[in-house]
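> Take a look at final_34.cif, mmCIF, C-alpha atoms and all ligand atoms:
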data_entry
#
loop_
_atom_site.label_atom_id
_atom_site.label_comp_id
_atom_site.auth_asym_id
_atom_site.auth_seq_id
_atom_site.Cartn_x
_atom_site.Cartn_y
_atom_site.Cartn_z
CA MET A 14 10.24 -45.57 -26.02
CA PRO A 15 7.17 -44.10 -24.28
CA GLN A 16 7.49 -43.63 -20.51
CA GLU A 17 4.56 -45.95 -19.79
CA GLU A 18 6.19 -48.77 -21.78
CA ASP A 19 9.44 -48.23 -19.87
CA ARG A 20 7.55 -48.50 -16.59
CA LEU A 21 5.81 -51.70 -17.72
CA ARG A 22 9.11 -53.28 -18.80
CA GLU A 23 10.63 -52.59 -15.37
CA GLN A 24 7.50 -53.76 -13.55
CA LEU A 25 7.26 -56.97 -15.61
CA CYS A 26 10.86 -57.91 -14.76
CA LEU A 27 10.44 -57.09 -11.05
CA LEU A 28 7.21 -59.07 -10.69
CA ALA A 29 8.57 -62.00 -12.72
CA LYS A 30 11.65 -62.12 -10.47
CA SER A 31 9.44 -62.00 -7.39
CA LEU A 32 7.42 -64.98 -8.69
CA PHE A 33 10.60 -66.88 -9.55
CA ASP A 34 12.32 -66.12 -6.23
CA ARG A 35 9.35 -67.55 -4.34
CA GLY A 36 9.28 -70.73 -6.42
CA PHE A 37 6.10 -70.00 -8.37
CA THR A 38 7.90 -71.21 -11.48
CA VAL A 39 11.32 -72.75 -12.02
CA GLY A 40 14.04 -73.03 -14.65
CA SER A 41 12.94 -71.32 -17.85
CA SER A 42 9.26 -72.17 -17.39
CA GLY A 43 6.40 -69.69 -17.46
CA ASN A 44 5.78 -66.60 -19.56
CA ILE A 45 4.05 -63.24 -19.27
CA SER A 46 2.39 -60.84 -21.72
CA VAL A 47 1.29 -57.23 -21.31
CA ARG A 48 -0.99 -55.31 -23.66
CA LEU A 49 0.35 -51.98 -24.98
CA PRO A 50 -1.58 -49.31 -26.90
CA ASP A 51 0.02 -50.49 -30.17
CA GLY A 52 1.06 -54.08 -29.48
CA TYR A 53 2.36 -56.39 -26.76
CA LEU A 54 5.36 -56.98 -24.54
CA VAL A 55 6.11 -60.67 -23.89
CA THR A 56 8.85 -62.61 -22.17
CA PRO A 57 11.47 -64.15 -24.47
CA THR A 58 11.43 -67.90 -25.09
CA ASN A 59 13.67 -70.01 -22.84
CA SER A 60 14.25 -67.09 -20.52
CA CYS A 61 14.33 -67.43 -16.74
CA LEU A 62 11.63 -65.31 -15.09
CA GLY A 63 14.15 -64.54 -12.35
CA ARG A 64 16.65 -62.92 -14.69
CA LEU A 65 14.79 -60.89 -17.31
CA ASP A 66 16.33 -57.76 -18.85
CA PRO A 67 13.78 -54.95 -19.45
CA ALA A 68 15.58 -53.90 -22.64
CA ARG A 69 15.48 -57.42 -24.14
CA LEU A 70 11.79 -58.24 -23.66
CA SER A 71 10.10 -59.21 -26.92
CA ARG A 72 8.13 -56.38 -28.47
CA LEU A 73 5.29 -57.41 -30.80
CA ASP A 74 3.03 -55.23 -32.92
CA ALA A 75 -0.76 -55.20 -32.79
CA GLU A 76 -0.84 -58.28 -35.10
CA TRP A 77 1.51 -60.19 -32.78
CA ARG A 78 4.43 -59.91 -35.22
CA HIS A 79 7.87 -59.80 -33.59
CA ARG A 80 9.35 -56.29 -33.93
CA ASP A 81 12.09 -55.94 -31.36
CA GLY A 82 13.94 -57.63 -28.51
CA ASP A 83 14.66 -61.34 -28.07
CA LYS A 84 12.65 -64.14 -29.74
CA PRO A 85 9.23 -64.30 -28.03
CA THR A 86 7.77 -67.13 -25.95
CA LYS A 87 6.52 -70.14 -27.89
CA GLU A 88 3.18 -69.70 -26.07
CA ILE A 89 2.07 -66.71 -28.17
CA PRO A 90 -1.14 -68.56 -29.23
CA LEU A 91 -2.06 -68.94 -25.56
CA HIS A 92 -1.55 -65.26 -24.73
CA ARG A 93 -3.18 -64.10 -27.96
CA ALA A 94 -6.30 -66.18 -27.31
CA MET A 95 -6.60 -65.04 -23.71
CA LEU A 96 -6.20 -61.33 -24.51
CA ALA A 97 -8.51 -61.55 -27.54
CA ALA A 98 -11.27 -63.22 -25.53
CA ARG A 99 -10.95 -60.77 -22.63
CA PRO A 100 -10.77 -57.23 -24.04
CA GLN A 101 -10.60 -55.71 -20.53
CA ALA A 102 -7.50 -57.77 -19.68
CA GLY A 103 -4.16 -55.96 -19.71
CA ALA A 104 -1.87 -58.88 -18.92
CA VAL A 105 -1.58 -62.67 -18.88
CA VAL A 106 0.61 -64.78 -16.59
CA HIS A 107 1.42 -68.45 -17.30
CA LEU A 108 3.27 -70.46 -14.66
CA HIS A 109 4.15 -74.04 -13.76
CA SER A 110 3.41 -73.41 -10.06
CA THR A 111 3.36 -76.74 -8.21
CA TYR A 112 -0.10 -76.98 -6.66
CA ALA A 113 -2.06 -75.45 -9.51
CA THR A 114 -0.19 -77.81 -11.84
CA ALA A 115 -1.08 -80.71 -9.52
CA ILE A 116 -4.77 -79.80 -9.92
CA SER A 117 -4.24 -79.72 -13.69
CA CYS A 118 -3.23 -83.41 -13.48
CA LEU A 119 -6.29 -84.59 -11.49
CA ASP A 120 -8.79 -86.72 -13.39
CA ASP A 121 -11.78 -86.11 -11.13
CA VAL A 122 -12.28 -82.34 -11.27
CA ASP A 123 -15.05 -80.40 -13.04
CA PRO A 124 -13.38 -78.75 -16.08
CA ALA A 125 -15.67 -75.71 -15.65
CA ASP A 126 -15.12 -75.41 -11.88
CA ALA A 127 -11.98 -77.23 -10.82
CA LEU A 128 -11.62 -75.88 -7.28
CA PRO A 129 -14.27 -75.31 -4.60
CA PRO A 130 -14.70 -71.88 -2.97
CA LEU A 131 -12.64 -72.48 0.17
CA THR A 132 -11.76 -68.83 0.85
CA PRO A 133 -13.10 -65.36 0.01
CA TYR A 134 -10.00 -64.39 -1.96
CA PHE A 135 -10.41 -67.39 -4.24
CA VAL A 136 -13.92 -66.16 -5.04
CA MET A 137 -12.75 -62.55 -5.44
CA ARG A 138 -9.60 -63.15 -7.50
CA ILE A 139 -10.34 -66.37 -9.43
CA GLY A 140 -14.05 -67.21 -9.44
CA HIS A 141 -14.55 -70.39 -11.44
CA LEU A 142 -11.40 -72.19 -12.54
CA ALA A 143 -11.49 -73.96 -15.93
CA VAL A 144 -9.37 -76.85 -17.21
CA VAL A 145 -8.72 -77.18 -20.96
CA PRO A 146 -7.49 -80.35 -22.73
CA TYR A 147 -3.79 -81.13 -22.94
CA THR A 148 -1.72 -79.77 -25.81
CA ALA A 149 2.09 -79.77 -26.01
CA PRO A 150 3.87 -76.53 -25.02
CA GLY A 151 3.78 -74.11 -27.95
CA ASP A 152 1.15 -76.11 -29.88
CA ALA A 153 -1.10 -73.61 -31.67
CA ALA A 154 -4.08 -75.94 -30.98
CA VAL A 155 -4.22 -74.42 -27.49
CA GLU A 156 -5.65 -71.29 -29.07
CA ARG A 157 -9.11 -72.74 -29.74
CA HIS A 158 -9.31 -74.33 -26.28
CA ILE A 159 -8.48 -71.01 -24.64
CA ALA A 160 -10.81 -69.13 -26.98
CA ALA A 161 -13.67 -71.38 -25.84
CA ALA A 162 -12.99 -71.08 -22.10
CA ALA A 163 -11.60 -67.55 -21.66
CA PRO A 164 -14.81 -65.53 -22.17
CA ARG A 165 -16.19 -67.12 -18.96
CA HIS A 166 -12.93 -67.80 -17.09
CA LYS A 167 -10.07 -65.44 -16.21
CA ALA A 168 -8.14 -68.41 -14.78
CA ILE A 169 -7.58 -71.58 -16.77
CA LEU A 170 -5.49 -74.69 -16.15
CA LEU A 171 -3.79 -76.28 -19.14
CA ALA A 172 -4.22 -80.00 -18.41
CA ASN A 173 -1.00 -81.63 -17.15
CA HIS A 174 0.88 -78.37 -17.66
CA GLY A 175 -0.03 -75.35 -15.51
CA PRO A 176 -2.14 -72.24 -14.89
CA VAL A 177 -2.90 -69.25 -17.15
CA ILE A 178 -4.41 -66.13 -15.59
CA ALA A 179 -5.58 -62.85 -17.13
CA ASP A 180 -6.45 -59.65 -15.30
CA THR A 181 -6.89 -55.94 -15.90
CA THR A 182 -3.29 -55.04 -15.05
CA LEU A 183 -0.03 -56.92 -14.78
CA GLU A 184 -0.01 -56.49 -11.00
CA ALA A 185 -3.58 -57.82 -10.73
CA ALA A 186 -2.72 -60.82 -12.93
CA VAL A 187 0.28 -61.65 -10.73
CA HIS A 188 -1.82 -61.31 -7.58
CA ALA A 189 -4.47 -63.60 -9.05
CA ALA A 190 -1.80 -66.14 -10.06
CA GLU A 191 -0.49 -66.13 -6.49
CA GLU A 192 -4.01 -66.52 -5.10
CA LEU A 193 -4.68 -69.42 -7.46
CA GLU A 194 -1.53 -71.23 -6.36
CA GLU A 195 -2.37 -70.79 -2.66
CA SER A 196 -5.96 -71.92 -3.25
CA ALA A 197 -4.73 -75.03 -5.05
CA ARG A 198 -2.36 -75.71 -2.15
CA LEU A 199 -5.21 -75.39 0.37
CA PHE A 200 -7.30 -77.79 -1.69
CA ILE A 201 -4.51 -80.38 -1.84
CA VAL A 202 -3.54 -80.14 1.84
CA THR A 203 -7.17 -80.46 2.97
CA ARG A 204 -7.99 -83.31 0.57
CA GLY A 205 -9.64 -86.18 2.45
CA MET A 206 -10.53 -83.94 5.41
CA ALA A 207 -14.08 -82.86 6.33
CA VAL A 208 -13.87 -79.46 4.63
CA ARG A 209 -16.39 -76.63 4.97
CA THR A 210 -16.55 -74.61 1.73
CA LEU A 211 -18.17 -71.19 1.45
CA THR A 212 -21.91 -71.49 0.93
CA PRO A 213 -23.63 -70.25 -2.26
CA ALA A 214 -25.04 -67.36 -0.18
CA GLN A 215 -21.56 -66.41 1.05
CA VAL A 216 -20.19 -66.60 -2.51
CA GLY A 217 -23.11 -64.50 -3.78
CA ALA A 218 -22.50 -61.85 -1.11
CA LEU A 219 -18.83 -61.61 -2.10
CA GLU A 220 -19.77 -61.31 -5.78
CA SER A 221 -22.20 -58.50 -5.09
CA GLN A 222 -19.74 -56.65 -2.84
CA PHE A 223 -16.56 -57.10 -4.93
CA GLY A 224 -17.93 -57.98 -8.37
CA LYS A 225 -17.63 -61.31 -10.20
CA ALA A 226 -14.02 -62.34 -10.79
O1 LIG B 301 6.17 -72.43 -19.94
C1 LIG B 301 6.67 -72.53 -21.05
C2 LIG B 301 6.04 -73.38 -22.10
O2 LIG B 301 4.75 -73.73 -21.74
C3 LIG B 301 7.92 -71.80 -21.38
O3 LIG B 301 8.00 -71.54 -22.75
P1 LIG B 301 8.84 -70.31 -23.29
O4 LIG B 301 10.23 -70.44 -22.70
O5 LIG B 301 8.84 -70.41 -24.79
O6 LIG B 301 8.16 -69.05 -22.78
ZN ZN B 302 4.31 -73.74 -19.69
#
Output the structure of this file as structure tokens.
Ligand SMILES: O=C(CO)COP(=O)(O)O
Ligand SMILES: [Zn+2]


Amino acid sequence: MPQEEDRLREQLCLLAKSLFDRGFTVGSSGNISVRLPDGYLVTPTNSCLGRLDPARLSRLDAEWRHRDGDKPTKEIPLHRAMLAARPQAGAVVHLHSTYATAISCLDDVDPADALPPLTPYFVMRIGHLAVVPYTAPGDAAVERHIAAAAPRHKAILLANHGPVIADTTLEAAVHAAEELEESARLFIVTRGMAVRTLTPAQVGALESQFGKA
């Protein structure tokens, strides 16, 4: 196994455990994918993100066929659509983190911009958060919803289910997932208060300094 793949296997398990240990996903929920030069590494179905074994991660080929390791996550269509729509993305993280999932259940949010820009890091790491229609876990119909939203959104909420985030590297995708959860929490805890969001000029300045998320 190439050294780089070894490193990614170890890193995936460490970061997944870190997310699990801090309550970003519970039980056997959530899944992660990483792009390799000749395929993909994904978390096995029904596995606990807190107790992954680097040697047992599912190894898929470039056509997403299972080649090695345990049976892959049932959310392959989700990861496939996200990575196909975002060629620069190296990894995708899907969680059931509480506050982002709470936002995914709200009926009164803009599906192209579900959270306001409350903080700079939301603008820098997430940008505009999309919400796509509900599909059952593992339903291949999610693929066309993600395909439609992912070219313009690195972060997407599956309605009544949870967040999906893509980024250039696995570490960046995990950081963005954490930022999304904290931003959702800020939105919920300040709901009903007289909130000051960042202005369009402040958002524009962040985008020109740090690039569009
Ligand atoms: O979050 C999940 C379904 O949406 C978990 O599914 P898997 O255990 O198949 O990865
Ligand atoms: Zn899920």

> Find the residue from A:Ala153, A:Ile178, A:Met137, A:Val208 that sits nearest to Gly224 of chain A; use all atoms listed in the file when measuring.

A:Met137

> Ligand LIG 301 (chain B): which residues are within 7 Å, counting only C-alpha atoms and all ligand atoms? Reply as a PDB file with C-alpha atoms, keeping the file's coordinate frame.


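Listing of result25.pdb after writing:
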ATOM      1  CA  SER A  41      12.940 -71.320 -17.850  1.00  0.00           C
ATOM      2  CA  SER A  42       9.260 -72.170 -17.390  1.00  0.00           C
ATOM      3  CA  GLY A  43       6.400 -69.690 -17.460  1.00  0.00           C
ATOM      4  CA  ASN A  44       5.780 -66.600 -19.560  1.00  0.00           C
ATOM      5  CA  THR A  56       8.850 -62.610 -22.170  1.00  0.00           C
ATOM      6  CA  PRO A  57      11.470 -64.150 -24.470  1.00  0.00           C
ATOM      7  CA  THR A  58      11.430 -67.900 -25.090  1.00  0.00           C
ATOM      8  CA  ASN A  59      13.670 -70.010 -22.840  1.00  0.00           C
ATOM      9  CA  SER A  60      14.250 -67.090 -20.520  1.00  0.00           C
ATOM     10  CA  PRO A  85       9.230 -64.300 -28.030  1.00  0.00           C
ATOM     11  CA  THR A  86       7.770 -67.130 -25.950  1.00  0.00           C
ATOM     12  CA  LYS A  87       6.520 -70.140 -27.890  1.00  0.00           C
ATOM     13  CA  GLU A  88       3.180 -69.700 -26.070  1.00  0.00           C
ATOM     14  CA  HIS A 107       1.420 -68.450 -17.300  1.00  0.00           C
ATOM     15  CA  LEU A 108       3.270 -70.460 -14.660  1.00  0.00           C
ATOM     16  CA  HIS A 109       4.150 -74.040 -13.760  1.00  0.00           C
ATOM     17  CA  PRO A 150       3.870 -76.530 -25.020  1.00  0.00           C
ATOM     18  CA  GLY A 151       3.780 -74.110 -27.950  1.00  0.00           C
TER      19      GLY A 151
END

> From the options A:His174, A:Arg22, A:Arg99, A:Arg48, which residue's atoms come nearest to ligand ZN 302 (chain B), counting only C-alpha atoms and all ligand atoms?

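Closest to ligand ZN 302 (chain B), using only C-alpha atoms and all ligand atoms: A:His174.
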
> Using only C-alpha atoms, which of the listed residues (A:Ala207, A:Leu70, A:Ala168, A:Leu65) sits closest to Val105 of chain A?

A:Ala168

> Excluding His158 of chain A and any residue of its chain fewer than 2 positions from it, enumerate the residues within 12 Å of it, using all atoms listed in the file, and give them as an MDAnalysis selection string.

chainID A and resid 90:91 94:95 98 124 143:148 152:156 160:164 166 169:172

> Counting all atoms listed in the file, which of A:Thr38, A:Thr114, A:Ser46, A:Thr182 gets nearest to Ala102 of chain A?

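Result for the nearest residue to Ala102 of chain A: A:Thr182.
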
> Counting all atoms listed in the file, what is within 12 Å of Arg204 of chain A, bar same-chain residues fewer than 5 positions away, as a ChimeraX atom specification?

/A:116,128-129,131,197-199,209

> How big is the axis-aligned box around the listed atoms of segment 177-190 of chain A once 8 Å is added on each side, and where is its centre? Give both in Å to one decimal, as JSON.


{"center_x": -3.3, "center_y": -62.1, "center_z": -12.4, "size_x": 23.2, "size_y": 30.2, "size_z": 25.6}

> Point out the residue among A:His92, A:Arg157, A:Lys84, A:His141 with the least atom-to-atom distance to ligand ZN 302 (chain B), counting only C-alpha atoms and all ligand atoms.

A:His92

> When you draw a straight line from atom CA of Asp74 of chain A to atom CA of Leu62 of chain A, how long is it in Å?

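Calculated distance between atom CA of Asp74 of chain A and atom CA of Leu62 of chain A is 22.2 Å.
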
> Could you make a table, as CSV, of the residues of segment 89-206 of chain A that have an atom within 12 Å of an atom of segment 23-35 of chain A, each with its nearest atom pair and distance in Å to one decimal, counting all atoms listed in the file, in chain and number order?


residue,atom,partner,partner_atom,distance
A:Ala104,CA,A:Leu25,CA,9.9
A:Val105,CA,A:Leu25,CA,11.0
A:Val106,CA,A:Ala29,CA,9.3
A:His107,CA,A:Ala29,CA,10.7
A:Leu108,CA,A:Leu32,CA,9.1
A:His109,CA,A:Phe33,CA,10.5
A:Ser110,CA,A:Leu32,CA,9.4
A:Thr111,CA,A:Arg35,CA,11.6
A:Thr182,CA,A:Leu25,CA,10.7
A:Leu183,CA,A:Leu25,CA,7.3
A:Glu184,CA,A:Leu28,CA,7.7
A:Ala185,CA,A:Leu28,CA,10.9
A:Ala186,CA,A:Leu28,CA,10.3
A:Val187,CA,A:Leu28,CA,7.4
A:His188,CA,A:Leu28,CA,9.8
A:Ala189,CA,A:Leu32,CA,12.0
A:Ala190,CA,A:Leu32,CA,9.4
A:Glu191,CA,A:Leu32,CA,8.3
A:Glu194,CA,A:Leu32,CA,11.2

> Name the residues in contact with Leu54 of chain A at a cut-off of 6 Å, using only C-alpha atoms, excluding same-chain residues fewer than 3 positions from it; report them as JSON, numbers by chain.

{"A": [46, 47, 71, 72]}
